[in-house]
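Undergrad: First the structure, which I've put down as structure tokens, then a few questions once you've had a look.
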Amino acid sequence: MTSGKFTVGGHEWVVLFNPNGNTEDSKEYVSVFLKLISPGQEVRVLYEFKLLDQSSSKYGVHYVSPETPMTFNTQSSTWGWNKYLKRSEFETSSYLKDDCLTIHCAVRVVQTRVEEGQQYVIPVPPSDLSQNLKGLLESGAHSDITFQVGDKSFKAHKSILAARCPPLDTETVAIEEFDPFAFKAMLLFLYSDELPESRELSDLDPHCTSTTIIQHLLVAADRFVLARLKLMSESKLCSEITADTAATTLALADHHQCLQLKTACLNFAAKHENSGEVIKSAGLARLEKNNPSLVIELHHLIRTF
């Protein structure tokens with residue numbers, strides 16, 4: 001299993017997870033590796049892995065690379081652990097829930113400089129600003145405003161909201177016609193500049209999915225004029241279009257004037273290999289009821305394809 005790509009130090013990386021080990025000797029273990037996928041010069045790296053305990057939201061099984069930085073290059077692009085954890089222990093642990101797991105991977109690209117013939121290694125830790133700010137939000141420490149959204153209340157900080165979301169009136173503590181789950185998702189973005197994960201919202205909705213979160217965030221971004229969040233939500237939804245979600249996402253894109261996302265949904269639904277399943281989806285039935293002109297546009301495009 002391969003994670004999505006992420007960038008550290010100008011290089012692209014992925015995490016590799018093998019539930020059956022990667023050698024005959026490690027077949028009773030799960031294996032975890034860090035892989036450099038972008039070509040170019042060699043990179044010297046310190047890295048660590050840890051698993052999220054989904055029952056306590058704490059991290060465990062902490063593995064750290066040797067103190068001497070590992071060299072990643074074309075010949076040695078992968079480093080990690082063959083025997084990260086016994087598979088029998090992993091399968092019965094709370095690190096695995098509903099066939100899902102979360103691996104925290106910290107990567108530190110080592111900067112070097114040469115002075116008078118000597119080499120100095122200067123490790124640069126990754127930024128933890130977003131984690132610190134999200135921790136501040138979760139704890140409510142030093143908060144000076146409380147929002148009431150439905151039957152839920154959320155503590156926040158006026159100075160952060162003023163800098164990140166001016167349209168959010170910090171004198172008004174009651175937010176009408178807004179789902180608590182969606183409001184918390186928006187707050188997490190405002191404090192971290194990152195799209196929140198499902199586990200961060202499980203206290204309000206244990207059944208939330210990545211697509212559900214992003215759909216709510218798109219609506220919030222449009223309401224509170226958060227241009228970056230709106231583009232991030234559009235991009236994420238575009239990458240997650242399926243036959244089951246195409247019609248729902250199309251309606252959302254049309255209502256909130258997301259032209260690029262609307263075009264992506266129409267093109268996906270119009271393709272011969274997708275159109276049959278899209279037409280049978282529950283989302284299209286709702287679309288026919290609420291926005292028949294959009295369904296006509298879709299059927300015309302399907303005939304054109």
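Ordered as shown in the structure tokens, chains take letters A, B, and onward, while each chain numbers its residues from 1 and ligands are numbered from 1 in the order shown.
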Looking only at helix (DSSP H, G or I) from DSSP on the backbone, list the matching residues of segment 52-197 of chain A as a ChimeraX atom specification.
TA: /A:87-91,129-139,158-164,180-192
Undergrad: Using only C-alpha atoms, which residues sit within 10 Å of Thr263 of chain A once same-chain residues fewer than 4 positions away are excluded, as a list in words?
TA: Cys238, Leu250, Ala253, Asp254, Cys258, Leu259, Asn267, Phe268 and Ala269 of chain A
Undergrad: Keeping only all heavy atoms, write those residues as a compact mmCIF listing (two decimals), in the first residue's frame.
TA:
```txt
# COMPACT_ATOMS: atom_id res chain seq x y z
N CYS A 238 -12.57 17.21 -6.65
CA CYS A 238 -12.29 16.83 -8.04
C CYS A 238 -11.54 15.50 -8.09
O CYS A 238 -11.79 14.67 -8.96
CB CYS A 238 -11.49 17.95 -8.70
SG CYS A 238 -11.22 17.70 -10.48
N LEU A 250 -21.70 17.59 -8.43
CA LEU A 250 -22.11 18.46 -9.53
C LEU A 250 -23.11 19.52 -9.04
O LEU A 250 -22.98 20.71 -9.37
CB LEU A 250 -22.73 17.63 -10.65
CG LEU A 250 -23.35 18.40 -11.82
CD1 LEU A 250 -22.32 19.27 -12.51
CD2 LEU A 250 -23.99 17.42 -12.81
N ALA A 253 -21.23 22.03 -6.92
CA ALA A 253 -20.38 22.91 -7.73
C ALA A 253 -21.22 23.95 -8.47
O ALA A 253 -20.84 25.12 -8.56
CB ALA A 253 -19.58 22.08 -8.73
N ASP A 254 -22.37 23.54 -8.97
CA ASP A 254 -23.23 24.47 -9.70
C ASP A 254 -23.80 25.54 -8.77
O ASP A 254 -23.82 26.73 -9.11
CB ASP A 254 -24.38 23.69 -10.35
CG ASP A 254 -25.29 24.58 -11.19
OD1 ASP A 254 -24.83 25.09 -12.23
OD2 ASP A 254 -26.45 24.77 -10.78
N CYS A 258 -18.63 26.92 -8.80
CA CYS A 258 -17.30 26.30 -8.93
C CYS A 258 -17.21 25.72 -10.34
O CYS A 258 -17.48 24.53 -10.56
CB CYS A 258 -17.09 25.21 -7.88
SG CYS A 258 -17.28 25.79 -6.18
N LEU A 259 -16.86 26.56 -11.30
CA LEU A 259 -16.92 26.18 -12.70
C LEU A 259 -16.01 25.00 -13.03
O LEU A 259 -16.40 24.08 -13.75
CB LEU A 259 -16.56 27.38 -13.59
CG LEU A 259 -16.61 27.14 -15.10
CD1 LEU A 259 -17.99 26.68 -15.52
CD2 LEU A 259 -16.21 28.40 -15.85
N ASN A 267 -17.78 16.04 -17.18
CA ASN A 267 -16.93 15.22 -18.05
C ASN A 267 -16.83 13.79 -17.52
O ASN A 267 -16.83 12.82 -18.29
CB ASN A 267 -15.54 15.83 -18.17
CG ASN A 267 -15.55 17.10 -19.01
OD1 ASN A 267 -16.48 17.32 -19.80
ND2 ASN A 267 -14.54 17.94 -18.85
N PHE A 268 -16.74 13.63 -16.19
CA PHE A 268 -16.68 12.29 -15.60
C PHE A 268 -17.97 11.53 -15.87
O PHE A 268 -17.96 10.38 -16.31
CB PHE A 268 -16.44 12.39 -14.09
CG PHE A 268 -16.46 11.06 -13.38
CD1 PHE A 268 -15.29 10.33 -13.20
CD2 PHE A 268 -17.65 10.53 -12.88
CE1 PHE A 268 -15.31 9.11 -12.55
CE2 PHE A 268 -17.68 9.31 -12.23
CZ PHE A 268 -16.49 8.59 -12.07
N ALA A 269 -19.11 12.19 -15.60
CA ALA A 269 -20.40 11.52 -15.75
C ALA A 269 -20.73 11.20 -17.20
O ALA A 269 -21.47 10.25 -17.48
CB ALA A 269 -21.50 12.40 -15.15
```
Undergrad: Please report, as a list of chain:residue names, each residue of segment 74-106 of chain A to which DSSP assigns strand (DSSP E) when run on this structure's backbone.
TA: A:Thr78, A:Trp79, A:Gly80, A:Trp81, A:Asn82, A:Lys83, A:Tyr84, A:Leu85, A:Lys86, A:Ile103, A:His104, A:Cys105, A:Ala106
Undergrad: Output the selection as a short mmCIF file (atom, residue, chain, number, x, y, z; two decimals), in the first residue's frame - C-alpha atoms for each residue.
TA:
```cif
data_model
loop_
_atom_site.label_atom_id
_atom_site.label_comp_id
_atom_site.auth_asym_id
_atom_site.auth_seq_id
_atom_site.Cartn_x
_atom_site.Cartn_y
_atom_site.Cartn_z
CA THR A 78 13.84 3.42 0.21
CA TRP A 79 14.62 3.09 3.94
CA GLY A 80 12.55 1.77 6.82
CA TRP A 81 11.78 -1.33 8.86
CA ASN A 82 11.08 -4.87 7.63
CA LYS A 83 9.82 -5.95 11.06
CA TYR A 84 7.92 -2.89 12.20
CA LEU A 85 5.28 -4.77 14.22
CA LYS A 86 4.08 -8.38 14.46
CA ILE A 103 0.81 6.45 10.14
CA HIS A 104 2.51 9.64 11.29
CA CYS A 105 5.74 10.13 9.33
CA ALA A 106 8.13 12.96 10.20
#
```
Undergrad: Can you pull out the residues contacting segment 50-65 of chain A? Cut-off 12 Å, using only C-alpha atoms, and skip same-chain residues under 5 positions away; I want them as number ranges by chain.
TA: A: 15, 17, 30-34, 44-45, 70-71, 79-86, 89-90, 92-108, 198-203, 206
Undergrad: Export N, CA and C atoms of the chosen residues as a compact mmCIF listing (two decimals), in the first residue's frame?
TA:
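Final file, part-v3.txt:
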```
# COMPACT_ATOMS: atom_id res chain seq x y z
N VAL A 15 4.96 7.00 1.72
CA VAL A 15 5.15 5.97 2.74
C VAL A 15 4.63 4.66 2.15
N PHE A 17 3.53 0.76 2.97
CA PHE A 17 3.09 -0.12 4.05
C PHE A 17 2.78 -1.49 3.47
N VAL A 30 4.38 -6.55 9.82
CA VAL A 30 4.05 -5.48 8.88
C VAL A 30 5.33 -4.66 8.68
N SER A 31 5.55 -4.21 7.46
CA SER A 31 6.74 -3.43 7.12
C SER A 31 6.34 -2.01 6.76
N VAL A 32 7.17 -1.05 7.14
CA VAL A 32 6.91 0.36 6.83
C VAL A 32 8.19 1.00 6.31
N PHE A 33 8.08 1.73 5.19
CA PHE A 33 9.25 2.34 4.58
C PHE A 33 8.93 3.76 4.10
N LEU A 34 9.96 4.58 4.06
CA LEU A 34 9.90 5.90 3.44
C LEU A 34 10.59 5.81 2.09
N ARG A 44 19.99 13.62 2.25
CA ARG A 44 20.30 13.02 3.54
C ARG A 44 19.18 13.36 4.51
N VAL A 45 18.65 12.32 5.16
CA VAL A 45 17.38 12.47 5.87
C VAL A 45 17.40 11.75 7.22
N MET A 70 20.27 9.06 6.90
CA MET A 70 20.27 8.06 5.84
C MET A 70 20.29 8.78 4.49
N THR A 71 21.03 8.21 3.55
CA THR A 71 21.16 8.82 2.22
C THR A 71 20.17 8.19 1.26
N TRP A 79 14.09 3.50 2.64
CA TRP A 79 14.62 3.09 3.94
C TRP A 79 13.46 2.92 4.90
N GLY A 80 13.60 1.97 5.83
CA GLY A 80 12.55 1.77 6.82
C GLY A 80 12.78 0.51 7.62
N TRP A 81 11.68 -0.16 7.99
CA TRP A 81 11.78 -1.33 8.86
C TRP A 81 11.01 -2.51 8.28
N ASN A 82 11.72 -3.63 8.08
CA ASN A 82 11.08 -4.87 7.63
C ASN A 82 10.13 -5.41 8.70
N LYS A 83 10.60 -5.38 9.95
CA LYS A 83 9.82 -5.95 11.06
C LYS A 83 9.34 -4.82 11.97
N TYR A 84 8.40 -4.05 11.46
CA TYR A 84 7.92 -2.89 12.20
C TYR A 84 7.06 -3.31 13.39
N LEU A 85 6.16 -4.29 13.16
CA LEU A 85 5.28 -4.77 14.22
C LEU A 85 4.74 -6.13 13.80
N LYS A 86 4.64 -7.07 14.76
CA LYS A 86 4.08 -8.38 14.46
C LYS A 86 2.67 -8.22 13.90
N GLU A 89 -0.16 -8.95 16.30
CA GLU A 89 -0.39 -7.88 17.28
C GLU A 89 -1.11 -6.71 16.63
N PHE A 90 -0.69 -6.39 15.41
CA PHE A 90 -1.27 -5.25 14.70
C PHE A 90 -2.76 -5.47 14.43
N THR A 92 -4.97 -7.19 15.99
CA THR A 92 -5.84 -7.19 17.17
C THR A 92 -5.73 -5.89 17.97
N SER A 93 -4.95 -4.94 17.47
CA SER A 93 -4.74 -3.69 18.20
C SER A 93 -5.74 -2.63 17.77
N SER A 94 -5.79 -1.54 18.53
CA SER A 94 -6.66 -0.42 18.17
C SER A 94 -5.98 0.53 17.19
N TYR A 95 -4.78 0.14 16.70
CA TYR A 95 -4.17 0.91 15.61
C TYR A 95 -4.95 0.67 14.32
N LEU A 96 -5.64 -0.46 14.25
CA LEU A 96 -6.42 -0.82 13.07
C LEU A 96 -7.89 -0.74 13.42
N LYS A 97 -8.66 0.04 12.65
CA LYS A 97 -10.09 0.19 12.89
C LYS A 97 -10.80 0.31 11.55
N ASP A 98 -11.77 -0.58 11.34
CA ASP A 98 -12.51 -0.61 10.07
C ASP A 98 -11.56 -0.71 8.88
N ASP A 99 -10.53 -1.54 9.04
CA ASP A 99 -9.53 -1.77 7.98
C ASP A 99 -8.76 -0.50 7.61
N CYS A 100 -8.71 0.47 8.52
CA CYS A 100 -7.98 1.71 8.27
C CYS A 100 -6.93 1.93 9.36
N LEU A 101 -5.84 2.57 8.99
CA LEU A 101 -4.81 2.92 9.95
C LEU A 101 -4.26 4.29 9.59
N THR A 102 -3.63 4.93 10.56
CA THR A 102 -2.99 6.22 10.33
C THR A 102 -1.54 6.13 10.77
N ILE A 103 -0.63 6.44 9.85
CA ILE A 103 0.81 6.45 10.14
C ILE A 103 1.28 7.88 10.13
N HIS A 104 1.89 8.32 11.23
CA HIS A 104 2.51 9.64 11.29
C HIS A 104 3.97 9.49 10.87
N CYS A 105 4.36 10.19 9.83
CA CYS A 105 5.74 10.13 9.33
C CYS A 105 6.34 11.52 9.37
N ALA A 106 7.40 11.68 10.14
CA ALA A 106 8.13 12.96 10.20
C ALA A 106 9.43 12.81 9.41
N VAL A 107 9.67 13.72 8.50
CA VAL A 107 10.86 13.67 7.65
C VAL A 107 11.67 14.96 7.86
N ARG A 108 12.94 14.81 8.13
CA ARG A 108 13.81 15.97 8.32
C ARG A 108 14.96 15.89 7.32
N SER A 198 -10.79 12.94 9.12
CA SER A 198 -12.05 12.42 9.66
C SER A 198 -11.96 12.22 11.17
N ARG A 199 -10.80 11.73 11.64
CA ARG A 199 -10.66 11.42 13.08
C ARG A 199 -10.78 12.67 13.95
N GLU A 200 -10.46 13.83 13.38
CA GLU A 200 -10.52 15.07 14.15
C GLU A 200 -11.96 15.54 14.37
N LEU A 201 -12.90 14.92 13.65
CA LEU A 201 -14.31 15.32 13.76
C LEU A 201 -15.18 14.19 14.27
N SER A 202 -14.56 13.08 14.65
CA SER A 202 -15.33 11.89 15.03
C SER A 202 -16.15 12.11 16.29
N ASP A 203 -15.78 13.11 17.13
CA ASP A 203 -16.56 13.36 18.34
C ASP A 203 -17.93 13.93 18.01
N PRO A 206 -19.23 10.34 14.09
CA PRO A 206 -18.33 9.19 13.96
C PRO A 206 -18.35 8.56 12.57
```
Undergrad: So that I can check the surroundings of Ser77 of chain A, please list as a list in words every protein, DNA and RNA residue that reaches within 9 Å of it, counting only C-alpha atoms and ignoring chain neighbours fewer than 4 positions away.
TA: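 Residues meeting the cut-off are Leu34, Lys35, Leu36, Ile37, Thr71, Phe72 and Asn73 of chain A.
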Undergrad: Please save N, CA, C and O atoms of the selected residues as a PDB file, in the first residue's frame.
TA:
```
ATOM      1  N   LEU A  34       9.956   4.583   4.057  1.00  0.00           N
ATOM      2  CA  LEU A  34       9.897   5.902   3.441  1.00  0.00           C
ATOM      3  C   LEU A  34      10.592   5.809   2.089  1.00  0.00           C
ATOM      4  O   LEU A  34      11.700   5.265   2.002  1.00  0.00           O
ATOM      5  N   LYS A  35       9.953   6.328   1.045  1.00  0.00           N
ATOM      6  CA  LYS A  35      10.515   6.211  -0.311  1.00  0.00           C
ATOM      7  C   LYS A  35      10.619   7.585  -0.964  1.00  0.00           C
ATOM      8  O   LYS A  35       9.665   8.361  -0.946  1.00  0.00           O
ATOM      9  N   LEU A  36      11.783   7.877  -1.518  1.00  0.00           N
ATOM     10  CA  LEU A  36      11.999   9.091  -2.313  1.00  0.00           C
ATOM     11  C   LEU A  36      11.566   8.801  -3.740  1.00  0.00           C
ATOM     12  O   LEU A  36      12.049   7.852  -4.360  1.00  0.00           O
ATOM     13  N   ILE A  37      10.643   9.609  -4.279  1.00  0.00           N
ATOM     14  CA  ILE A  37      10.144   9.322  -5.630  1.00  0.00           C
ATOM     15  C   ILE A  37      10.524  10.390  -6.639  1.00  0.00           C
ATOM     16  O   ILE A  37      10.339  10.197  -7.838  1.00  0.00           O
ATOM     17  N   THR A  71      21.030   8.213   3.551  1.00  0.00           N
ATOM     18  CA  THR A  71      21.159   8.817   2.224  1.00  0.00           C
ATOM     19  C   THR A  71      20.166   8.185   1.261  1.00  0.00           C
ATOM     20  O   THR A  71      20.175   6.973   1.041  1.00  0.00           O
ATOM     21  N   PHE A  72      19.289   9.003   0.701  1.00  0.00           N
ATOM     22  CA  PHE A  72      18.332   8.566  -0.311  1.00  0.00           C
ATOM     23  C   PHE A  72      18.837   9.046  -1.667  1.00  0.00           C
ATOM     24  O   PHE A  72      19.164  10.223  -1.848  1.00  0.00           O
ATOM     25  N   ASN A  73      18.913   8.139  -2.629  1.00  0.00           N
ATOM     26  CA  ASN A  73      19.301   8.497  -3.993  1.00  0.00           C
ATOM     27  C   ASN A  73      18.690   7.487  -4.953  1.00  0.00           C
ATOM     28  O   ASN A  73      17.845   6.671  -4.558  1.00  0.00           O
TER      29      ASN A  73
END
```
Undergrad: In Å, rounded to a single decimal, give me how far atom CA of Lys271 of chain A is from atom CA of Val219 of chain A.
TA: 27.2 Å
Undergrad: Can you measure atom CA of Glu67 of chain A to atom CA of Tyr47 of chain A for me? One decimal in Å is fine.
TA: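 The value is 9.7 Å.
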